[in-house]
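Text of start11.pdb (PDB, C-alpha atoms) as supplied:
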ATOM      1  CA  MET A1486      83.625 -76.244 163.384
ATOM      2  CA  PHE A1487      84.040 -79.356 161.247
ATOM      3  CA  PHE A1488      82.069 -77.761 158.417
ATOM      4  CA  ILE A1489      84.235 -74.616 158.437
ATOM      5  CA  SER A1490      87.422 -76.699 158.479
ATOM      6  CA  LEU A1491      86.138 -78.761 155.551
ATOM      7  CA  ILE A1492      85.362 -75.621 153.531
ATOM      8  CA  ILE A1493      88.827 -74.204 154.246
ATOM      9  CA  ILE A1494      90.493 -77.459 153.149
ATOM     10  CA  ILE A1495      88.438 -77.550 149.932
ATOM     11  CA  VAL A1496      89.260 -73.903 149.147
ATOM     12  CA  VAL A1497      92.981 -74.510 149.732
ATOM     13  CA  ILE A1498      92.964 -77.616 147.496
ATOM     14  CA  LEU A1499      91.039 -75.883 144.697
ATOM     15  CA  THR A1500      93.187 -72.770 144.933
ATOM     16  CA  SER A1501      96.411 -74.764 144.794
ATOM     17  CA  GLN A1502      95.184 -76.469 141.598
ATOM     18  CA  ARG A1503      94.594 -73.145 139.841
ATOM     19  CA  GLU A1504      97.259 -71.847 137.507
ATOM     20  CA  TRP A1505      97.856 -68.254 136.461
ATOM     21  CA  GLY A1506     100.048 -68.438 133.416
ATOM     22  CA  GLU A1507     103.069 -70.490 134.362
ATOM     23  CA  THR A1508     102.632 -70.058 138.119
ATOM     24  CA  SER A1509     100.020 -71.310 140.547
ATOM     25  CA  PHE A1510      97.905 -69.069 142.723
ATOM     26  CA  ILE A1511     100.035 -69.912 145.762
ATOM     27  CA  GLU A1512     103.287 -69.107 143.901
ATOM     28  CA  ASN A1513     101.772 -65.846 142.674
ATOM     29  CA  THR A1514     100.753 -64.911 146.217
ATOM     30  CA  ILE A1515     104.264 -65.602 147.479
ATOM     31  CA  VAL A1516     105.755 -63.426 144.729
ATOM     32  CA  TYR A1517     103.389 -60.573 145.593
ATOM     33  CA  TYR A1518     104.143 -60.634 149.292
ATOM     34  CA  ILE A1519     107.893 -61.172 149.055
ATOM     35  CA  GLY A1520     108.467 -59.419 145.727
ATOM     36  CA  SER A1521     107.467 -56.054 147.173
ATOM     37  CA  PHE A1522     110.688 -55.910 149.181
ATOM     38  CA  SER A1523     112.758 -56.750 146.087
ATOM     39  CA  PHE A1524     110.864 -54.147 144.073
ATOM     40  CA  LEU A1525     111.469 -51.536 146.782
ATOM     41  CA  ASP A1526     115.180 -52.342 146.607
ATOM     42  CA  VAL A1527     115.193 -51.982 142.804
ATOM     43  CA  VAL A1528     113.336 -48.646 142.966
ATOM     44  CA  LEU A1529     115.675 -47.307 145.650
ATOM     45  CA  ASP A1530     118.744 -48.358 143.637
ATOM     46  CA  THR A1531     117.768 -46.217 140.659
ATOM     47  CA  SER A1532     119.603 -42.936 140.310
ATOM     48  CA  TYR A1533     116.238 -41.277 139.610
ATOM     49  CA  PHE A1534     115.120 -41.942 143.194
ATOM     50  CA  ASN A1535     118.340 -40.663 144.683
ATOM     51  CA  GLN A1536     118.748 -37.477 142.625
ATOM     52  CA  GLU A1537     115.559 -36.122 141.105
ATOM     53  CA  LEU A1538     112.725 -36.775 143.541
ATOM     54  CA  THR A1539     111.727 -34.049 145.948
ATOM     55  CA  PRO A1540     110.615 -34.974 149.460
ATOM     56  CA  LEU A1541     106.877 -35.062 150.117
ATOM     57  CA  PHE A1542     107.192 -33.740 153.702
ATOM     58  CA  GLY A1543     104.393 -35.793 155.271
ATOM     59  CA  MET A1544     102.086 -35.957 152.261
ATOM     60  CA  GLY A1545     102.783 -39.685 152.002
ATOM     61  CA  ILE A1546     102.183 -40.551 155.637
ATOM     62  CA  PHE A1547      99.056 -38.399 155.832
ATOM     63  CA  GLY A1548      97.948 -38.925 152.216
ATOM     64  CA  PHE A1549      94.484 -40.084 153.275
ATOM     65  CA  VAL A1550      93.875 -36.544 154.592
ATOM     66  CA  VAL A1551      96.091 -34.338 152.397
ATOM     67  CA  ASN A1552      95.149 -35.950 149.074
ATOM     68  CA  LEU A1553      91.488 -35.877 150.053
ATOM     69  CA  LEU A1554      91.779 -32.102 150.519
ATOM     70  CA  ILE A1555      93.793 -31.559 147.319
ATOM     71  CA  ALA A1556      91.501 -33.552 145.004
ATOM     72  CA  PRO A1557      88.417 -31.252 145.092
ATOM     73  CA  PHE A1558      90.527 -28.145 144.453
ATOM     74  CA  THR A1559      92.171 -29.690 141.413
ATOM     75  CA  PHE A1560      88.748 -30.614 140.072
ATOM     76  CA  LEU A1561      87.148 -27.239 140.803
ATOM     77  CA  LEU A1562      90.079 -25.125 139.623
ATOM     78  CA  GLY A1563      90.965 -27.357 136.675
ATOM     79  CA  ILE A1564      94.597 -27.724 137.689
ATOM     80  CA  PRO A1565      96.546 -30.974 137.340
ATOM     81  CA  TYR A1566      96.332 -33.324 140.314
ATOM     82  CA  ASN A1567      99.662 -33.641 142.123
ATOM     83  CA  GLY A1568      98.710 -35.580 145.226
ATOM     84  CA  SER A1569     101.334 -37.777 146.845
ATOM     85  CA  ASP A1570      99.570 -40.908 145.582
ATOM     86  CA  PHE A1571      99.947 -39.630 142.008
ATOM     87  CA  LEU A1572     103.597 -38.641 142.485
ATOM     88  CA  ILE A1573     104.474 -42.013 143.984
ATOM     89  CA  THR A1574     102.572 -43.903 141.287
ATOM     90  CA  GLN A1575     104.585 -42.054 138.631
ATOM     91  CA  VAL A1576     107.659 -43.898 139.913
ATOM     92  CA  THR A1577     106.211 -47.234 140.993
ATOM     93  CA  ALA A1578     103.961 -47.883 137.976
ATOM     94  CA  THR A1579     106.939 -48.608 135.728
ATOM     95  CA  PRO A1580     107.549 -52.377 135.587
ATOM     96  CA  ARG A1581     111.041 -53.416 136.646
ATOM     97  CA  TYR A1582     112.662 -56.813 136.929
ATOM     98  CA  ILE A1583     113.064 -58.107 140.480
ATOM     99  CA  SER A1584     114.692 -61.290 139.181
ATOM    100  CA  PRO A1585     115.900 -62.469 135.774
ATOM    101  CA  THR A1586     112.410 -63.786 134.951
ATOM    102  CA  GLN A1587     110.000 -61.795 137.131
ATOM    103  CA  SER A1588     108.745 -58.308 136.280
ATOM    104  CA  TYR A1589     106.976 -56.339 139.005
ATOM    105  CA  ASN A1590     105.437 -52.924 139.585
ATOM    106  CA  ALA A1591     103.363 -50.759 141.932
ATOM    107  CA  MET A1592     103.895 -52.541 145.257
ATOM    108  CA  THR A1593     106.841 -51.025 147.159
ATOM    109  CA  THR A1594     105.718 -51.827 150.715
ATOM    110  CA  MET A1595     104.582 -49.117 153.102
ATOM    111  CA  LEU A1596     108.188 -47.973 153.408
ATOM    112  CA  TYR A1597     108.418 -46.204 150.028
ATOM    113  CA  PRO A1598     105.939 -43.388 150.824
ATOM    114  CA  PHE A1599     107.665 -42.941 154.184
ATOM    115  CA  LEU A1600     111.061 -42.675 152.473
ATOM    116  CA  ARG A1601     109.644 -40.188 149.972
ATOM    117  CA  ASP A1602     108.367 -38.062 152.846
ATOM    118  CA  MET A1603     111.529 -37.567 154.898
ATOM    119  CA  GLY A1604     114.058 -40.238 154.024
ATOM    120  CA  TYR A1605     114.939 -42.599 156.847
ATOM    121  CA  LEU A1606     113.222 -40.331 159.383
ATOM    122  CA  GLY A1607     110.045 -40.879 157.382
ATOM    123  CA  ILE A1608     110.208 -44.582 158.192
ATOM    124  CA  LEU A1609     110.418 -43.728 161.886
ATOM    125  CA  PHE A1610     107.561 -41.199 161.774
ATOM    126  CA  GLY A1611     105.394 -43.240 159.399
ATOM    127  CA  THR A1612     105.560 -46.455 161.387
ATOM    128  CA  ALA A1613     105.080 -44.501 164.635
ATOM    129  CA  PHE A1614     101.950 -42.846 163.212
ATOM    130  CA  LEU A1615     100.523 -46.125 161.919
ATOM    131  CA  SER A1616     101.262 -47.832 165.253
ATOM    132  CA  TRP A1617      99.609 -44.994 167.154
ATOM    133  CA  PHE A1618      96.548 -45.057 164.872
ATOM    134  CA  VAL A1619      96.025 -48.804 165.315
ATOM    135  CA  SER A1620      96.656 -48.536 169.067
ATOM    136  CA  PHE A1621      94.203 -45.631 169.342
ATOM    137  CA  SER A1622      91.490 -47.576 167.528
ATOM    138  CA  GLU A1623      92.079 -50.624 169.746
ATOM    139  CA  LYS A1624      91.891 -48.505 172.916
ATOM    140  CA  MET A1625      88.707 -46.799 171.719
ATOM    141  CA  LEU A1626      87.197 -50.186 170.890
ATOM    142  CA  SER A1627      88.065 -51.514 174.363
ATOM    143  CA  LYS A1628      86.752 -48.373 176.048
ATOM    144  CA  THR A1629      83.511 -47.782 174.111
ATOM    145  CA  LYS A1630      82.657 -51.215 172.657
ATOM    146  CA  GLU A1631      81.176 -49.385 169.646
ATOM    147  CA  ILE A1632      80.811 -51.031 166.267
ATOM    148  CA  ARG A1633      82.385 -48.095 164.452
ATOM    149  CA  PHE A1634      85.621 -48.600 166.395
ATOM    150  CA  LEU A1635      85.475 -52.322 165.674
ATOM    151  CA  CYS A1636      85.125 -51.465 161.965
ATOM    152  CA  LEU A1637      88.011 -48.998 162.215
ATOM    153  CA  TYR A1638      90.169 -51.576 163.989
ATOM    154  CA  VAL A1639      89.442 -54.254 161.364
ATOM    155  CA  TYR A1640      90.056 -51.735 158.561
ATOM    156  CA  LEU A1641      93.424 -50.775 160.048
ATOM    157  CA  ALA A1642      94.292 -54.435 160.667
ATOM    158  CA  PHE A1643      93.862 -54.958 156.919
ATOM    159  CA  PHE A1644      96.255 -52.047 156.327
ATOM    160  CA  LEU A1645      98.835 -53.700 158.553
ATOM    161  CA  PHE A1646      98.427 -57.008 156.735
ATOM    162  CA  ASP A1647      98.709 -55.234 153.391
ATOM    163  CA  SER A1648     101.637 -53.028 154.459
ATOM    164  CA  VAL A1649     104.158 -55.551 153.140
ATOM    165  CA  MET A1650     102.847 -54.623 149.685
ATOM    166  CA  SER A1651     101.655 -51.017 149.924
ATOM    167  CA  TYR A1652     100.597 -48.166 152.202
ATOM    168  CA  GLN A1653      96.840 -47.888 151.828
ATOM    169  CA  LEU A1654      96.596 -44.698 153.900
ATOM    170  CA  LEU A1655      98.315 -42.919 151.015
ATOM    171  CA  LEU A1656      95.090 -42.958 149.013
ATOM    172  CA  PRO A1657      92.254 -40.422 149.230
ATOM    173  CA  SER A1658      89.814 -43.348 149.052
ATOM    174  CA  SER A1659      91.036 -44.407 152.503
ATOM    175  CA  GLY A1660      90.175 -40.968 153.839
ATOM    176  CA  ILE A1661      86.720 -41.158 152.279
ATOM    177  CA  THR A1662      86.176 -44.596 153.803
ATOM    178  CA  LEU A1663      87.164 -43.343 157.257
ATOM    179  CA  VAL A1664      84.856 -40.325 156.980
ATOM    180  CA  LEU A1665      81.940 -42.476 155.798
ATOM    181  CA  LEU A1666      82.627 -44.992 158.544
ATOM    182  CA  PHE A1667      82.047 -42.361 161.203
ATOM    183  CA  LEU A1668      79.172 -40.671 159.348
ATOM    184  CA  PHE A1669      77.096 -43.784 158.818
ATOM    185  CA  ILE A1670      77.933 -45.820 161.895
ATOM    186  CA  ASN A1671      76.715 -43.617 164.703
ATOM    187  CA  SER A1672      76.478 -45.198 168.145
ATOM    188  CA  LYS A1673      74.627 -42.421 169.960
ATOM    189  CA  GLY A1674      71.169 -43.600 170.955
ATOM    190  CA  HIS A1675      71.481 -46.840 168.998
ATOM    191  CA  PRO A1676      71.958 -50.361 170.286
ATOM    192  CA  ASP A1677      74.994 -51.052 168.110
ATOM    193  CA  LYS A1678      77.470 -51.814 170.846
ATOM    194  CA  ILE A1679      79.366 -55.069 170.682
TER     195      ILE A1679
END
Conversion result in structure tokens:
Amino acid sequence: MFFISLIIIIVVILTSQREWGETSFIENTIVYYIGSFSFLDVVLDTSYFNQELTPLFGMGIFGFVVNLLIAPFTFLLGIPYNGSDFLITQVTATPRYISPTQSYNAMTTMLYPFLRDMGYLGILFGTAFLSWFVSFSEKMLSKTKEIRFLCLYVYLAFFLFDSVMSYQLLLPSSGITLVLLFLFINSKGHPDKI
């Protein structure tokens, strides 16, 4: 335990001494985690968001499934990709100032895809779905004690931690990861219980 504590202290000291431009690593981390809420506010204040964007009707909340299904068809048929991750990135990729000196882009918290889906109801449905998904994985882990459900639970815990910056379940790569998780970690007939 002493050795682990010593390593953590050394990492914290070395990290705090690092500088990224005019800000330290710690200051940069704070900006990324808190700045996402300011960036969301700036994006929502634009008239473009309020007038010209069409609702995604669940494609944001369930992007890890919907975009995964859309992607092969766009490749095979040669049509432009219009998945919800692409449509959201079209808006969030543009850098905007969140303070007089700080420019920011891309990270609009998990709330932006939910708002794009169904407005304020999207926040209700999106957070309810994410809560259910994490709860389901925790219950399955408790019930089965299988490694694949432990992996799913840890993966979703990362999503929750990262949700103050973005909604990772928007991306087709999340869907691929979930599929591969259950394809390659099979508990039937194997001693991979925890």
Given 5 Å of margin on each side, can you work out the centre and size in Å (one decimal) of an axis-aligned box holding every listed atom of segment 1598-1601 of chain A, as JSON?
{"center_x": 108.5, "center_y": -41.8, "center_z": 152.1, "size_x": 15.1, "size_y": 13.2, "size_z": 14.2}
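Across A:Phe1634, A:Val1639, A:Leu1645, A:Ser1588, the tightest approach to Ile1670 of chain A is made by A:Phe1634 when counting only C-alpha atoms.
Among the candidates A:Ala1578, A:Leu1572, A:Val1551, A:Leu1525, the residue lying nearest to Thr1594 of chain A is A:Leu1525 (atoms considered: all atoms listed in the file).
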**OP:** Enumerate, as a ChimeraX atom specification, the residues matched when the PyMOL selection byres ((chain A and resi 1651-1658) around 10) is run on the file above.
**Re:** /A:1518,1521,1544-1556,1568-1571,1573,1591-1599,1611,1615,1641,1643-1650,1659-1664
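Applied to this file, the PyMOL selection byres ((chain A and resi 1542) around 6) selects Pro1540, Leu1541, Gly1543, Met1544, Asp1602 and Met1603 of chain A.
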Kindly save the residues from that selection, with C-alpha atoms included, as a short mmCIF file (atom, residue, chain, number, x, y, z; two decimals), in the frame of the given file.
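Ended up saving to selection.cif:
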data_model
loop_
_atom_site.label_atom_id
_atom_site.label_comp_id
_atom_site.auth_asym_id
_atom_site.auth_seq_id
_atom_site.Cartn_x
_atom_site.Cartn_y
_atom_site.Cartn_z
CA PRO A 1540 110.62 -34.97 149.46
CA LEU A 1541 106.88 -35.06 150.12
CA GLY A 1543 104.39 -35.79 155.27
CA MET A 1544 102.09 -35.96 152.26
CA ASP A 1602 108.37 -38.06 152.85
CA MET A 1603 111.53 -37.57 154.90
#
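Near segment 1618-1627 of chain A, within 10 Å and counting all atoms listed in the file, sit A:Thr1612, A:Ala1613, A:Ile1632, A:Arg1633, A:Phe1634, A:Leu1635, A:Cys1636, A:Leu1637, A:Tyr1638, A:Val1639, A:Tyr1640, A:Leu1641, A:Ala1642, A:Phe1644, A:Leu1645, A:Lys1678, A:Ile1679; same-chain residues fewer than 5 positions away were not included.
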Original post:
Any idea what's packed within 7 Å of Phe1524 of chain A, counting only C-alpha atoms, ignoring anything in its chain fewer than 3 positions away? Could you give it as number ranges by chain?
Top reply: A: 1520-1521, 1527-1528, 1583, 1589, 1593
**OP:** For atom CA of Ser1584 of chain A and atom CA of Ser1523 of chain A, quote the distance in Å rounded to one decimal.
**Re:** 8.5 Å
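With all atoms listed in the file as the atoms that count, the residue of A:Val1516, A:Thr1586, A:Glu1631, A:Met1486 with the shortest distance to Asn1671 of chain A is A:Glu1631.
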Original post:
Which is closest to Tyr1517 of chain A among A:Glu1537, A:Leu1606, A:Asn1590, A:Pro1557, if we use all atoms listed in the file?
Top reply: A:Asn1590
**OP:** Go ahead and compute the interatomic distance for atom CA of Leu1600 of chain A and atom CA of Asp1526 of chain A, in Å to one decimal.
**Re:** 12.0 Å
